[in-house]
>>> print(open('start_23.cif').read())   # mmCIF, C-alpha atoms and all ligand atoms
data_query
#
loop_
_atom_site.label_atom_id
_atom_site.label_comp_id
_atom_site.auth_asym_id
_atom_site.auth_seq_id
_atom_site.Cartn_x
_atom_site.Cartn_y
_atom_site.Cartn_z
CA ALA A 270 -27.10 3.20 0.66
CA MET A 271 -25.59 6.27 2.30
CA SER A 272 -27.57 8.35 4.80
CA GLY A 273 -28.03 12.04 4.03
CA ASP A 274 -25.51 12.80 6.76
CA ASP A 275 -22.90 10.45 5.25
CA GLN A 276 -23.55 11.90 1.80
CA LEU A 277 -22.98 15.42 3.13
CA PHE A 278 -19.78 14.28 4.84
CA ALA A 279 -18.58 12.61 1.63
CA ASP A 280 -19.27 15.69 -0.49
CA ARG A 281 -17.68 18.17 1.93
CA ALA A 282 -14.69 16.00 2.81
CA GLY A 283 -14.02 15.11 -0.82
CA ALA A 284 -14.12 18.76 -1.88
CA LEU A 285 -11.88 19.82 1.00
CA LEU A 286 -9.27 17.12 0.40
CA THR A 287 -9.26 17.89 -3.30
CA ARG A 288 -8.15 21.41 -2.37
CA VAL A 289 -5.69 20.39 0.34
CA LEU A 290 -3.86 17.58 -1.43
CA ALA A 291 -1.40 18.53 -4.15
CA TRP A 292 -2.28 15.35 -6.07
CA PRO A 293 -4.49 13.88 -7.41
CA GLU A 294 -7.10 16.38 -8.48
CA SER A 295 -10.04 14.15 -7.69
CA VAL A 296 -10.68 12.76 -4.20
CA VAL A 297 -13.57 10.69 -2.83
CA HIS A 298 -13.61 10.53 0.97
CA LEU A 299 -16.12 8.42 2.88
CA ARG A 300 -16.84 8.07 6.56
CA ARG A 301 -17.20 4.33 6.15
CA VAL A 302 -16.84 1.85 3.29
CA ASP A 303 -16.37 -1.91 2.89
CA SER A 304 -13.01 -1.42 1.16
CA THR A 305 -11.55 1.52 -0.76
CA GLN A 306 -9.94 -1.09 -3.02
CA ARG A 307 -13.37 -2.48 -3.97
CA LEU A 308 -14.74 1.04 -4.34
CA ALA A 309 -11.94 1.93 -6.79
CA ARG A 310 -12.69 -1.18 -8.83
CA ARG A 311 -16.40 -0.34 -8.97
CA PHE A 312 -15.54 3.14 -10.24
CA ALA A 313 -13.15 1.64 -12.80
CA GLU A 314 -15.99 -0.53 -14.10
CA LEU A 315 -18.11 2.61 -14.55
CA LEU A 316 -15.22 4.29 -16.27
CA ALA A 317 -15.02 1.44 -18.75
CA LYS A 318 -18.63 2.24 -19.75
CA ASP A 319 -18.89 6.02 -19.89
CA ASP A 320 -15.58 7.73 -19.22
CA GLU A 321 -17.07 9.71 -16.31
CA ILE A 322 -14.46 9.00 -13.70
CA PRO A 323 -11.49 11.36 -13.64
CA LEU A 324 -8.09 9.70 -13.42
CA PRO A 325 -6.18 9.57 -11.19
CA THR A 326 -8.67 9.52 -8.34
CA LEU A 327 -7.99 8.90 -4.66
CA PHE A 328 -10.56 6.90 -2.69
CA THR A 329 -10.15 7.19 1.04
CA ALA A 330 -12.18 6.41 4.17
CA PHE A 331 -12.11 6.92 7.92
CA GLU A 332 -13.19 3.33 8.45
CA GLN A 333 -13.31 0.11 6.43
CA THR A 334 -15.61 -2.75 7.36
CA ALA A 335 -13.99 -5.33 5.07
CA GLY A 336 -10.46 -4.10 4.34
CA ARG A 337 -8.39 -6.48 2.23
CA GLY A 338 -4.70 -7.26 2.49
CA ARG A 339 -2.23 -9.13 0.31
CA LEU A 340 -2.49 -12.90 -0.16
CA GLY A 341 -6.14 -13.05 0.90
CA ASN A 342 -5.53 -11.48 4.33
CA ARG A 343 -7.90 -9.07 6.01
CA TRP A 344 -6.87 -5.52 6.82
CA THR A 345 -8.32 -4.38 10.14
CA SER A 346 -9.31 -0.74 9.68
CA PRO A 347 -10.78 0.76 12.86
CA ALA A 348 -12.47 4.19 12.57
CA GLY A 349 -10.05 7.08 12.73
CA GLU A 350 -6.99 4.95 13.53
CA GLY A 351 -5.24 4.96 10.18
CA VAL A 352 -4.99 5.87 6.52
CA TYR A 353 -7.12 3.59 4.34
CA SER A 354 -6.65 4.76 0.78
CA THR A 355 -6.62 3.60 -2.82
CA TRP A 356 -5.21 5.61 -5.71
CA LEU A 357 -6.79 4.62 -9.02
CA ILE A 358 -4.24 5.45 -11.70
CA GLU A 359 -3.40 4.46 -15.22
CA LEU A 360 -0.77 1.75 -15.12
CA PRO A 361 2.50 3.71 -15.21
CA ALA A 362 4.80 3.49 -18.24
CA MET A 363 7.52 2.01 -16.04
CA THR A 364 6.10 -1.18 -14.52
CA ALA A 365 9.35 -2.92 -13.51
CA ALA A 366 9.32 -3.82 -9.80
CA LEU A 367 6.24 -1.62 -9.31
CA PRO A 368 5.18 -3.05 -5.90
CA LEU A 369 8.69 -2.56 -4.50
CA ARG A 370 8.96 0.95 -5.90
CA VAL A 371 5.62 1.98 -4.40
CA GLY A 372 6.66 0.59 -1.00
CA ALA A 373 10.06 2.27 -1.16
CA SER A 374 8.61 5.61 -2.19
CA LEU A 375 6.11 5.46 0.70
CA ALA A 376 8.76 4.38 3.23
CA THR A 377 11.03 7.23 2.19
CA ALA A 378 8.30 9.87 2.24
CA LEU A 379 6.88 8.73 5.58
CA SER A 380 10.34 8.47 7.13
CA GLY A 381 10.76 12.17 6.44
CA ILE A 382 7.84 13.08 8.71
CA SER A 383 7.61 10.13 11.12
CA PRO A 384 9.17 10.42 14.59
CA ARG A 385 10.79 6.99 13.93
CA PRO A 386 12.40 5.78 10.67
CA VAL A 387 10.14 3.75 8.38
CA ARG A 388 11.73 0.68 6.75
CA MET A 389 10.39 -1.97 4.46
CA LYS A 390 9.90 -5.72 4.69
CA TRP A 391 9.97 -7.40 1.27
CA PRO A 392 8.10 -6.78 -0.94
CA ASN A 393 6.39 -3.66 0.45
CA ASP A 394 5.33 -3.89 4.08
CA LEU A 395 6.10 -0.74 6.07
CA TRP A 396 7.96 -1.36 9.32
CA VAL A 397 8.83 0.76 12.33
CA ASP A 398 10.92 -0.52 15.26
CA GLY A 399 10.52 -4.19 14.38
CA ALA A 400 6.77 -4.24 13.71
CA LYS A 401 4.48 -3.80 10.72
CA VAL A 402 2.74 -0.43 10.58
CA GLY A 403 1.46 -0.50 7.01
CA GLY A 404 0.92 -2.53 3.87
CA VAL A 405 0.42 -2.04 0.16
CA LEU A 406 -1.95 -3.91 -2.15
CA ILE A 407 -1.69 -3.31 -5.90
CA GLU A 408 -4.24 -4.72 -8.35
CA THR A 409 -4.35 -4.10 -12.08
CA PHE A 410 -7.29 -4.48 -14.44
CA LEU A 411 -8.62 -3.34 -17.80
CA GLY A 412 -10.49 -0.04 -17.62
CA GLY A 413 -11.92 0.27 -21.14
CA GLN A 414 -10.60 2.43 -24.00
CA GLY A 415 -7.61 0.10 -24.08
CA LYS A 416 -6.45 1.43 -20.70
CA THR A 417 -4.87 -0.69 -18.01
CA LEU A 418 -5.59 0.67 -14.56
CA ALA A 419 -3.82 0.09 -11.29
CA ALA A 420 -5.49 0.33 -7.88
CA VAL A 421 -2.73 1.18 -5.43
CA GLY A 422 -4.02 0.53 -1.91
CA LEU A 423 -2.32 1.69 1.29
CA GLY A 424 -3.27 0.73 4.81
CA LEU A 425 -1.27 2.65 7.41
CA ASN A 426 -1.82 2.32 11.14
CA LEU A 427 -1.55 5.60 13.02
CA GLY A 428 -3.35 4.98 16.27
CA LEU A 429 -3.98 1.32 17.05
CA THR A 430 -4.68 0.85 20.75
CA ALA A 431 -2.25 -1.30 22.75
CA ALA A 432 -4.76 -4.17 22.75
CA GLU A 433 -5.31 -3.95 18.98
CA ALA A 434 -1.57 -3.82 18.35
CA ILE A 435 -1.02 -6.99 20.39
CA GLU A 436 -3.94 -8.81 18.78
CA LEU A 437 -2.83 -7.88 15.26
CA ARG A 438 0.90 -8.33 16.00
CA ALA A 439 1.36 -4.91 14.44
CA SER A 440 2.20 -1.36 15.40
CA SER A 441 1.43 2.20 14.32
CA ILE A 442 3.31 5.31 13.36
CA TYR A 443 2.34 7.10 16.54
CA GLY A 444 2.62 10.89 16.57
CA LEU A 445 1.82 11.44 12.90
CA SER A 446 -1.41 13.14 11.87
CA TRP A 447 -3.80 11.60 9.36
CA ILE A 448 -3.65 14.52 6.94
CA ASP A 449 0.17 14.69 7.00
CA ALA A 450 0.41 10.93 6.43
CA LEU A 451 -2.13 11.11 3.59
CA SER A 452 -0.47 14.06 1.81
CA ALA A 453 3.00 12.52 2.04
CA SER A 454 1.65 9.18 0.80
CA SER A 455 -0.14 10.85 -2.10
CA LEU A 456 3.07 12.54 -3.26
CA ALA A 457 4.93 9.24 -2.89
CA VAL A 458 2.40 7.43 -5.09
CA GLN A 459 2.47 10.29 -7.61
CA ALA A 460 6.27 10.01 -7.88
CA VAL A 461 5.98 6.35 -8.89
CA ALA A 462 2.94 6.89 -11.12
CA GLU A 463 4.79 9.53 -13.12
CA SER A 464 8.30 8.07 -13.11
CA THR A 465 9.84 6.74 -16.30
CA ASP A 466 13.18 5.81 -14.69
CA ALA A 467 14.27 2.22 -14.20
CA PRO A 468 14.11 1.21 -10.53
CA ASP A 469 17.21 1.74 -8.40
CA LEU A 470 17.17 -1.64 -6.69
CA ARG A 471 20.32 -0.99 -4.66
CA SER A 472 18.73 1.96 -2.86
CA ILE A 473 15.51 -0.02 -2.42
CA GLU A 474 17.62 -2.77 -0.80
CA ARG A 475 18.96 -0.27 1.71
CA LEU A 476 15.41 0.42 2.95
CA LEU A 477 14.77 -3.25 3.67
CA ILE A 478 14.90 -4.68 7.19
CA HIS A 479 16.69 -7.78 5.82
CA ARG A 480 20.47 -8.03 5.91
CA ARG A 481 22.44 -10.17 3.46
CA GLY A 482 23.33 -13.58 4.83
CA GLU A 483 20.76 -13.57 7.62
CA THR A 484 18.37 -16.49 7.97
CA LEU A 485 15.00 -16.00 6.35
CA ARG A 486 11.81 -17.99 6.72
CA PHE A 487 9.66 -17.63 3.64
CA LYS A 488 6.21 -18.84 2.55
CA THR A 489 5.10 -19.00 -1.08
CA ALA A 490 2.35 -20.92 -2.90
CA GLY A 491 1.97 -23.49 -0.13
CA ARG A 492 5.74 -23.96 0.26
CA ARG A 493 7.79 -23.05 3.29
CA ILE A 494 11.43 -22.27 2.70
CA GLU A 495 14.25 -21.49 5.07
CA GLY A 496 17.45 -20.05 3.71
CA SER A 497 19.70 -17.04 3.72
CA TYR A 498 18.68 -13.63 2.40
CA GLU A 499 20.81 -12.86 -0.66
CA GLY A 500 19.44 -9.51 -1.77
CA LEU A 501 17.19 -8.71 -4.73
CA ASP A 502 17.69 -9.71 -8.33
CA GLU A 503 17.51 -7.25 -11.26
CA ILE A 504 13.70 -7.31 -11.33
CA GLY A 505 13.23 -7.06 -7.58
CA ARG A 506 12.65 -10.72 -6.81
CA LEU A 507 13.75 -12.02 -3.41
CA ARG A 508 16.91 -14.14 -3.60
CA VAL A 509 17.09 -16.94 -1.05
CA GLY A 510 20.14 -19.14 -0.60
CA VAL A 511 19.12 -22.79 -0.12
CA ALA A 512 21.01 -26.11 -0.24
CA GLY A 513 20.78 -26.33 -4.02
CA GLY A 514 21.92 -22.76 -4.71
CA ILE A 515 19.92 -19.54 -5.02
CA GLU A 516 16.18 -19.42 -5.64
CA SER A 517 14.40 -16.19 -6.67
CA PHE A 518 10.81 -15.48 -5.69
CA ALA A 519 8.42 -12.98 -7.25
CA SER A 520 5.75 -13.24 -4.57
CA GLY A 521 5.24 -14.61 -1.11
CA GLU A 522 5.71 -13.61 2.46
CA VAL A 523 8.70 -13.41 4.75
CA ILE A 524 7.59 -14.90 8.08
CA GLU A 525 8.91 -13.26 11.19
CA ALA A 526 10.93 -15.44 13.53
C1 LIG B 601 -1.09 -5.90 3.17
O1 LIG B 601 -1.61 -7.02 3.22
O2 LIG B 601 -0.07 -5.63 3.80
C2 LIG B 601 -1.72 -4.80 2.31
C3 LIG B 601 -2.79 -4.06 3.04
C4 LIG B 601 -3.52 -3.05 2.18
C5 LIG B 601 -4.70 -2.43 2.90
C6 LIG B 601 -5.28 -1.26 2.16
S1 LIG B 601 -6.35 -0.28 3.17
C7 LIG B 601 -6.88 0.62 1.76
C8 LIG B 601 -7.06 -0.41 0.66
N1 LIG B 601 -8.38 -1.00 0.74
C9 LIG B 601 -8.32 -2.30 1.06
O3 LIG B 601 -9.31 -3.04 1.22
N2 LIG B 601 -7.04 -2.69 1.17
C10 LIG B 601 -6.11 -1.59 0.93
#
>>> encode(input="start_23.cif", output="structure tokens", more="lines below")
Ligand code: BTN
Amino acid sequence: AMSGDDQLFADRAGALLTRVLAWPESVVHLRRVDSTQRLARRFAELLAKDDEIPLPTLFTAFEQTAGRGRLGNRWTSPAGEGVYSTWLIELPAMTAALPLRVGASLATALSGISPRPVRMKWPNDLWVDGAKVGGVLIETFLGGQGKTLAAVGLGLNLGLTAAEAIELRASSIYGLSWIDALSASSLAVQAVAESTDAPDLRSIERLLIHRRGETLRFKTAGRRIEGSYEGLDEIGRLRVGVAGGIESFASGEVIEA
């Protein structure tokens, strides 16, 4: 249960952010939560029952005690050191390559305000100067009234300490304020949520840190593969050149050398 103080913070901060952010209209901001991704899902379950939850809604927190990453990983979310946010939206009309498009939209928006360019590691990790600074987790589920909902989660490091960065083998976008990062990210998610255009995979490819022909180590469903990076296919899958030809992968992780 929330203390009176936390409740007051949540009410004030939510109301303030709702006014400051151009999108979405409804914002829930907590000092501390287990995971904004879980919070969004709990709200979606309520929505399925009584239609009380406005959509889209942004759930955000200063600190997460059990942040979740892709592929069962944890997302370390120290208080005040990053953006920990989930946008609960209706699944957009255009779903092709959605995870890639969300990552690309975020990388482009954040690059515009970050002191250093933000690139992307397939499928949607955010990278600055050779290290991961952010990640995206997208989950879809039924929300009642025949709606399919998507919880679009973003974890973005802004101020990891040197020790944390070493321990996590990650970095931060240093020099960017929380509110600027959150507003830019919100607009980037909105652009994808409202887009009806087919993805432009060639421009997404240009944001990637991978270069055609370079050696790639890749992990998927218990398999480890080494091959050459051969770009993306027409639905955004990773193409890897191996002895037998080209294999395309829809999910997995590129392992750093
Ligand atoms: C990744 O593994 O790279 C994705 C990380 C996603 C983390 C964000 S933080 C806000 C939201 N809540 C969570 O528990 N996870 C996502």
>>> closest_residue(input="start_23.cif", among="A:Asn426, A:Thr465, A:Thr355, A:Ser440", to="Glu408 in chain A", atoms="only C-alpha atoms")
A:Thr355
>>> atom_distance(input="start_23.cif", atom1="CA of Gly404 in chain A", atom2="CA of Trp356 in chain A")
14.0 Å
>>> closest_residue(input="start_23.cif", among="A:Trp391, A:Phe331, A:Phe312, A:Phe518", to="Gly412 in chain A", atoms="only C-alpha atoms")
A:Phe312
>>> residues_near_point(input="start_23.cif", point="(-0.5, 4.6, 14.0)", cutoff="8 Å", atoms="all atoms listed in the file", output="PyMOL selection string")
chain A and resi 350-351+402+425-429+440-445
>>> write_last_selection(input="start_23.cif", atoms="C-alpha atoms", output="JSON list (two decimals), in the frame of the given file")
[["chain", "number", "residue", "atom", "x", "y", "z"],
["A", 350, "GLU", "CA", -6.99, 4.95, 13.53],
["A", 351, "GLY", "CA", -5.24, 4.96, 10.18],
["A", 402, "VAL", "CA", 2.74, -0.43, 10.58],
["A", 425, "LEU", "CA", -1.27, 2.65, 7.41],
["A", 426, "ASN", "CA", -1.82, 2.32, 11.14],
["A", 427, "LEU", "CA", -1.55, 5.60, 13.02],
["A", 428, "GLY", "CA", -3.35, 4.98, 16.27],
["A", 429, "LEU", "CA", -3.98, 1.32, 17.05],
["A", 440, "SER", "CA", 2.20, -1.36, 15.40],
["A", 441, "SER", "CA", 1.43, 2.20, 14.32],
["A", 442, "ILE", "CA", 3.31, 5.31, 13.36],
["A", 443, "TYR", "CA", 2.34, 7.10, 16.54],
["A", 444, "GLY", "CA", 2.62, 10.89, 16.57],
["A", 445, "LEU", "CA", 1.82, 11.44, 12.90]]
>>> atom_distance(input="start_23.cif", atom1="CA of Thr417 in chain A", atom2="CA of Met389 in chain A")
27.2 Å
>>> build_atoms(input="start_23.cif", residues="range 507-518 of chain A", atoms="N, CA and C atoms", output="CSV table (one decimal), keeping the file's coordinate frame")
chain,number,residue,atom,x,y,z
A,507,LEU,N,13.0,-11.7,-4.6
A,507,LEU,CA,13.8,-12.0,-3.4
A,507,LEU,C,14.7,-13.2,-3.7
A,508,ARG,N,16.0,-13.0,-3.4
A,508,ARG,CA,16.9,-14.1,-3.6
A,508,ARG,C,17.2,-14.8,-2.3
A,509,VAL,N,16.9,-16.2,-2.3
A,509,VAL,CA,17.1,-16.9,-1.0
A,509,VAL,C,18.1,-18.1,-1.3
A,510,GLY,N,19.1,-18.1,-0.5
A,510,GLY,CA,20.1,-19.1,-0.6
A,510,GLY,C,19.7,-20.4,0.1
A,511,VAL,N,19.5,-21.5,-0.7
A,511,VAL,CA,19.1,-22.8,-0.1
A,511,VAL,C,20.2,-23.8,-0.5
A,512,ALA,N,20.0,-25.1,0.0
A,512,ALA,CA,21.0,-26.1,-0.2
A,512,ALA,C,21.4,-26.2,-1.7
A,513,GLY,N,20.5,-26.1,-2.6
A,513,GLY,CA,20.8,-26.3,-4.0
A,513,GLY,C,21.3,-25.1,-4.8
A,514,GLY,N,21.5,-24.0,-4.1
A,514,GLY,CA,21.9,-22.8,-4.7
A,514,GLY,C,21.0,-21.6,-4.4
A,515,ILE,N,20.8,-20.7,-5.3
A,515,ILE,CA,19.9,-19.5,-5.0
A,515,ILE,C,18.6,-19.7,-5.7
A,516,GLU,N,17.5,-19.5,-5.0
A,516,GLU,CA,16.2,-19.4,-5.6
A,516,GLU,C,15.7,-18.0,-5.6
A,517,SER,N,15.0,-17.5,-6.7
A,517,SER,CA,14.4,-16.2,-6.7
A,517,SER,C,12.9,-16.3,-6.6
A,518,PHE,N,12.3,-15.4,-5.8
A,518,PHE,CA,10.8,-15.5,-5.7
A,518,PHE,C,10.2,-14.1,-6.0
